[in-house]
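Engineer: Okay, here's the structure, questions in a sec.
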Amino acid sequence: MKLSTSLTPFLFGILGIFSFAPFSIKPLIFFSYAYLIKELIFNNKRRISKLFYWSLGHWGLGMSWLIVSVYYYGQTSILISLIVFILLVLILTLAFSGPLFFISKVLISNIERHKIINLILISSVLMLSEVSMNYLLYGIPWLISGATLLDTISQSIYPIFGALGGSFIIYLSSALIASRWSNKDRLLLIYCIVPFIISFPNKNLINVEPRQDLDFTIIQPSTDPFQKYNQGYSDQIEANILKLSKESSEKSTLIVLPEAELPYAYEDIRFKEFQEKLPKQTIMGAWSYKNSNLYNSIVNSTEGSQYNKVHLVPFGEFIPFEQYLRGLISFFDMPMSTVNRGSIDQNTMYLDAFSEISYSALICFDIAFSESVRKSNISSKFIINVSNDTWFGNSIGPYHHLDLARIRAAENNKWLIRAANDGYSAIISNKGTIVDFLGKGQKGVLNGSLDFIDDRSFFSKYGYLFSYILGISSVIISIIINLWLRLDY
């Protein structure tokens, strides 16, 4: 096998990951997908092998945090971690890039005739494949291409068509480059300038001083996850949080703590005793039980309401194909891999029992699901996102997770409070701008304020409706045109 059949697509797959944080070299995502489209649509040689190696590079590096999670927190061998990792990469390849290969083989009969229609088809198929990631293994919406437009002049598309709209722009631009690349057209150079224009930094994302509708404190305790459930360590966790809570601003009326910070459940008497020691109203993550089922929850010390996490982390909080894998290796028998999903329809969370101020409560992976976040913000004033990103280790995962939170804030025109155990905790404006943050591994507090925003964005009202219409209609029109072309021949 020629080196170009394996190494070149592998490197182009990796190239796209450098568009995401922490690297943020935005234009690279365009050229990564341009190569993939060129090889699958415009080149008939070794397409399957090139698709595999591109995907191995792209999903391999982009999802590399999974190896860290499974190896360290599942306490398995590196071999088993790699097997789980490769399995997920293969599934993502089939779900995301597979449809593009399918249309290249079955649907497109003549790419040059009606080229614009076919390029829109390619972009739409990639966009719809991206949507499918919200449902794959109960949802793995990671490495969303539109996320790379964060902090660029194109970010303004978020409150209108969401990150998915940004993805379509990237895929269409990449398809145009691919069409000229395959022909070595003179216009290729001009087309290659487009990604740099689309990705031009936005210098107008200036923080607006909030009206201070709510003053709050975020606590980032940096608890050691490997000692968290050891006997006696709970006393150190409590003492650390109580010490940090004393750094809360006098103006703050609310303290926000990360996901499941305490090693005992909400129903445990120790939990109530600890809440009573906190100086102010507290919203925090916690383990909770109902009818012998374990949930990952957010609880409000004053209002008494509870939200149970809906979107669980595959291979972390639940096991895909559990009936086949449970008991196979120790990783699949972890206690935390038996968490139950919360109901999609849960009661609205309010600041207190007598308040009309509602907020959207989201736990960790919940923030990755744009449609769920949108629905939870129909009547909310702001967003609270608690997380525990220690299971990412020192990988690129925490950077991606933070960017997803920023995008959700921009899409829904809401301020967002993000509390993570060891980073990144952040105060995020309704434009997706980080107002203040605590770095990875840092212990401390953030005192800040935010605005209550009632105005709903276009995306908040309609979601991906118009993106779906564009994608589905372009597929239908292309099918009709290409079938007609075949009959014509």
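Convention: chains lettered A, B, ... in structure tokens order; per-chain residue numbering from 1; ligands numbered from 1 as shown.
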Just want the 6 Å neighbourhood of range 341-356 of chain A, counted on only C-alpha atoms, with same-chain residues fewer than 6 positions away dropped. Output as a PyMOL selection string.
Structural biologist: chain A and resi 302-303+308-310
Engineer: Just list the residues in range 351-384 of chain A DSSP gives alpha helix (DSSP H) on the backbone, as a PyMOL selection string.
Structural biologist: chain A and resi 370-376
Engineer: So that I can check the surroundings of Ile197 in chain A, please list as a list in words every protein, DNA and RNA residue that reaches within 9 Å of it, counting only C-alpha atoms and ignoring chain neighbours fewer than 4 positions away.
Structural biologist: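 With the cut-off at 9 Å, the set is Pro27, Ile153 and Ile193 of chain A.
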Engineer: Write the residues of the selection above to a file with C-alpha atoms, as a short mmCIF file (atom, residue, chain, number, x, y, z; two decimals), in the first residue's frame.
Structural biologist:
data_model
loop_
_atom_site.label_atom_id
_atom_site.label_comp_id
_atom_site.auth_asym_id
_atom_site.auth_seq_id
_atom_site.Cartn_x
_atom_site.Cartn_y
_atom_site.Cartn_z
CA PRO A 27 -8.94 27.56 8.91
CA ILE A 153 -16.64 37.08 12.75
CA ILE A 193 -8.69 32.37 0.95
#
Engineer: Could you name the residues that touch range 116-130 of chain A at 7 Å or less, counting only C-alpha atoms, but leaving out those on the same chain fewer than 6 positions away, as a VMD selection string?
Structural biologist: chain A and resid 95 to 96 99 to 100 164 167 to 168 171 to 172 175 471 474 to 475 478
Engineer: Between A:Ile396, A:Ser249, A:Asn340, A:Ile367, which is the closest to Ile17 in chain A once you count only C-alpha atoms?
Structural biologist: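 Answer, going by the shortest atom-to-atom distance: A:Ile396.
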Engineer: Residues at most 8 Å from range 37-42 of chain A, counting only C-alpha atoms, excluding those fewer than 5 positions away in the same chain, as a list in words?
Structural biologist: Arg47, Lys50, Leu51, Leu100, Phe101, Ser104, Ile111, Ser174, Ala175, Ala178, Ser179, Trp181 and Ser182 of chain A
Engineer: Using C-alpha atoms, can you export the residues from the last selection as a JSON list (two decimals), in the first residue's frame?
Structural biologist:
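For reference, part-v7.json as written:
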[["chain", "number", "residue", "atom", "x", "y", "z"],
["A", 47, "ARG", "CA", -11.70, 5.52, -1.00],
["A", 50, "LYS", "CA", -8.51, 6.75, 2.89],
["A", 51, "LEU", "CA", -11.79, 7.24, 4.76],
["A", 100, "LEU", "CA", -20.69, 10.67, 2.42],
["A", 101, "PHE", "CA", -19.09, 7.53, 1.00],
["A", 104, "SER", "CA", -20.47, 9.08, -3.71],
["A", 111, "ILE", "CA", -20.68, 15.67, -10.19],
["A", 174, "SER", "CA", -14.70, 22.75, 2.04],
["A", 175, "ALA", "CA", -16.70, 21.18, -0.80],
["A", 178, "ALA", "CA", -12.41, 20.13, -2.98],
["A", 179, "SER", "CA", -14.07, 20.69, -6.36],
["A", 181, "TRP", "CA", -8.54, 20.98, -5.79],
["A", 182, "SER", "CA", -9.40, 17.86, -7.80]]
Engineer: Using only C-alpha atoms, which protein or nucleic acid residues come within 9 Å of Ala405 in chain A? Drop anything in the same chain fewer than 3 positions from it, and give the result as a list of chain:residue names.
Structural biologist: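 Close residues of Ala405 in chain A: A:Ile367, A:Ala368, A:Asn385, A:His400, A:His401, A:Leu402, A:Arg408, A:Ala409, A:Ala410, A:Leu416, A:Arg418, A:Ile428, A:Gly432.
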Engineer: Now that the selection is made, can you save its residues with N, CA and C atoms as a PDB file, in the first residue's frame?
Structural biologist:
ATOM      1  N   ILE A 367     -24.490  19.790  28.444  1.00  0.00           N
ATOM      2  CA  ILE A 367     -24.214  21.037  27.736  1.00  0.00           C
ATOM      3  C   ILE A 367     -23.873  20.798  26.269  1.00  0.00           C
ATOM      4  N   ALA A 368     -23.535  19.557  25.913  1.00  0.00           N
ATOM      5  CA  ALA A 368     -23.161  19.251  24.526  1.00  0.00           C
ATOM      6  C   ALA A 368     -24.368  19.135  23.606  1.00  0.00           C
ATOM      7  N   ASN A 385     -24.279  25.451  34.719  1.00  0.00           N
ATOM      8  CA  ASN A 385     -23.699  24.194  34.235  1.00  0.00           C
ATOM      9  C   ASN A 385     -22.635  23.733  35.234  1.00  0.00           C
ATOM     10  N   HIS A 400     -12.458  21.553  24.989  1.00  0.00           N
ATOM     11  CA  HIS A 400     -13.625  21.369  24.125  1.00  0.00           C
ATOM     12  C   HIS A 400     -14.917  21.547  24.922  1.00  0.00           C
ATOM     13  N   HIS A 401     -14.923  21.028  26.142  1.00  0.00           N
ATOM     14  CA  HIS A 401     -16.116  21.099  26.984  1.00  0.00           C
ATOM     15  C   HIS A 401     -16.457  22.556  27.313  1.00  0.00           C
ATOM     16  N   LEU A 402     -15.453  23.340  27.620  1.00  0.00           N
ATOM     17  CA  LEU A 402     -15.656  24.760  27.911  1.00  0.00           C
ATOM     18  C   LEU A 402     -16.201  25.486  26.691  1.00  0.00           C
ATOM     19  N   ARG A 408     -23.350  27.309  23.735  1.00  0.00           N
ATOM     20  CA  ARG A 408     -24.738  27.237  24.218  1.00  0.00           C
ATOM     21  C   ARG A 408     -25.197  28.577  24.769  1.00  0.00           C
ATOM     22  N   ALA A 409     -24.300  29.314  25.425  1.00  0.00           N
ATOM     23  CA  ALA A 409     -24.645  30.646  25.933  1.00  0.00           C
ATOM     24  C   ALA A 409     -24.967  31.585  24.779  1.00  0.00           C
ATOM     25  N   ALA A 410     -24.139  31.550  23.731  1.00  0.00           N
ATOM     26  CA  ALA A 410     -24.347  32.422  22.572  1.00  0.00           C
ATOM     27  C   ALA A 410     -25.597  32.033  21.797  1.00  0.00           C
ATOM     28  N   LEU A 416     -24.084  32.408  31.510  1.00  0.00           N
ATOM     29  CA  LEU A 416     -23.883  31.037  31.974  1.00  0.00           C
ATOM     30  C   LEU A 416     -22.860  30.994  33.101  1.00  0.00           C
ATOM     31  N   ARG A 418     -20.510  28.434  35.050  1.00  0.00           N
ATOM     32  CA  ARG A 418     -19.956  27.083  34.917  1.00  0.00           C
ATOM     33  C   ARG A 418     -19.043  26.779  36.103  1.00  0.00           C
ATOM     34  N   ILE A 428     -19.583  33.190  31.833  1.00  0.00           N
ATOM     35  CA  ILE A 428     -19.682  33.343  30.388  1.00  0.00           C
ATOM     36  C   ILE A 428     -20.858  34.251  30.055  1.00  0.00           C
ATOM     37  N   GLY A 432     -21.170  34.491  24.616  1.00  0.00           N
ATOM     38  CA  GLY A 432     -20.224  33.393  24.615  1.00  0.00           C
ATOM     39  C   GLY A 432     -18.831  33.796  25.041  1.00  0.00           C
TER      40      GLY A 432
END
Engineer: Would you work out the distance separating CA of Gln442 in chain A from CA of Thr390 in chain A, expressed in Å to one decimal?
Structural biologist: 11.8 Å
Engineer: Find the residues near Tyr295 in chain A: any atom within 6 Å, counting only C-alpha atoms, skip ones fewer than 5 places away on the same chain, and give them as a PDB file with C-alpha atoms, in the first residue's frame.
Structural biologist:
ATOM      1  CA  TRP A 287     -25.546  11.844  43.829  1.00  0.00           C
ATOM      2  CA  SER A 288     -29.143  11.017  44.640  1.00  0.00           C
ATOM      3  CA  VAL A 339     -26.253   5.858  36.666  1.00  0.00           C
ATOM      4  CA  ASN A 340     -29.853   6.292  35.503  1.00  0.00           C
TER       5      ASN A 340
END
Engineer: Measuring atom to atom with only C-alpha atoms, identify which of A:Tyr233, A:Phe274, A:Tyr424, A:Tyr464 is nearest to Arg374 in chain A.
Structural biologist: A:Tyr464
Engineer: For the strand (DSSP E) assignment from backbone DSSP, which residues of range 357-435 of chain A qualify? Please present them as a list in words.
Structural biologist: Ser358, Tyr359, Ser360, Ala361, Leu362, Ile363, Phe382, Ile383, Ile384, Asn385, Val386, Ser387, Leu416, Ile417, Arg418, Ala419, Ala420, Ser425, Ala426, Ile427, Ile428, Ile434 and Val435 of chain A
Engineer: Which of these, A:Phe318, A:Ser173, A:Asp454, A:Lys105, has the shortest distance to Ser380 in chain A once you count only C-alpha atoms?
Structural biologist: A:Asp454
Engineer: Just give me the gap between CA of Gly60 in chain A and CA of Phe85 in chain A in Å, one decimal is fine.
Structural biologist: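 Answer for the CA of Gly60 in chain A to CA of Phe85 in chain A separation: 8.0 Å.
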Engineer: Go through A:Leu470, A:Leu214, A:Leu446, A:Ala163 and flag the residue nearest Ile407 in chain A, using only C-alpha atoms for the distances.
Structural biologist: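 The closest residue to Ile407 in chain A is A:Ala163.
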Engineer: Compare A:Phe459, A:Tyr264, A:Tyr135, A:Phe52 by their minimum atom-to-atom distance to Val373 in chain A, counting only C-alpha atoms, and give me the closest one.
Structural biologist: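 Between A:Phe459, A:Tyr264, A:Tyr135, A:Phe52, the residue approaching Val373 in chain A most closely is A:Phe459.
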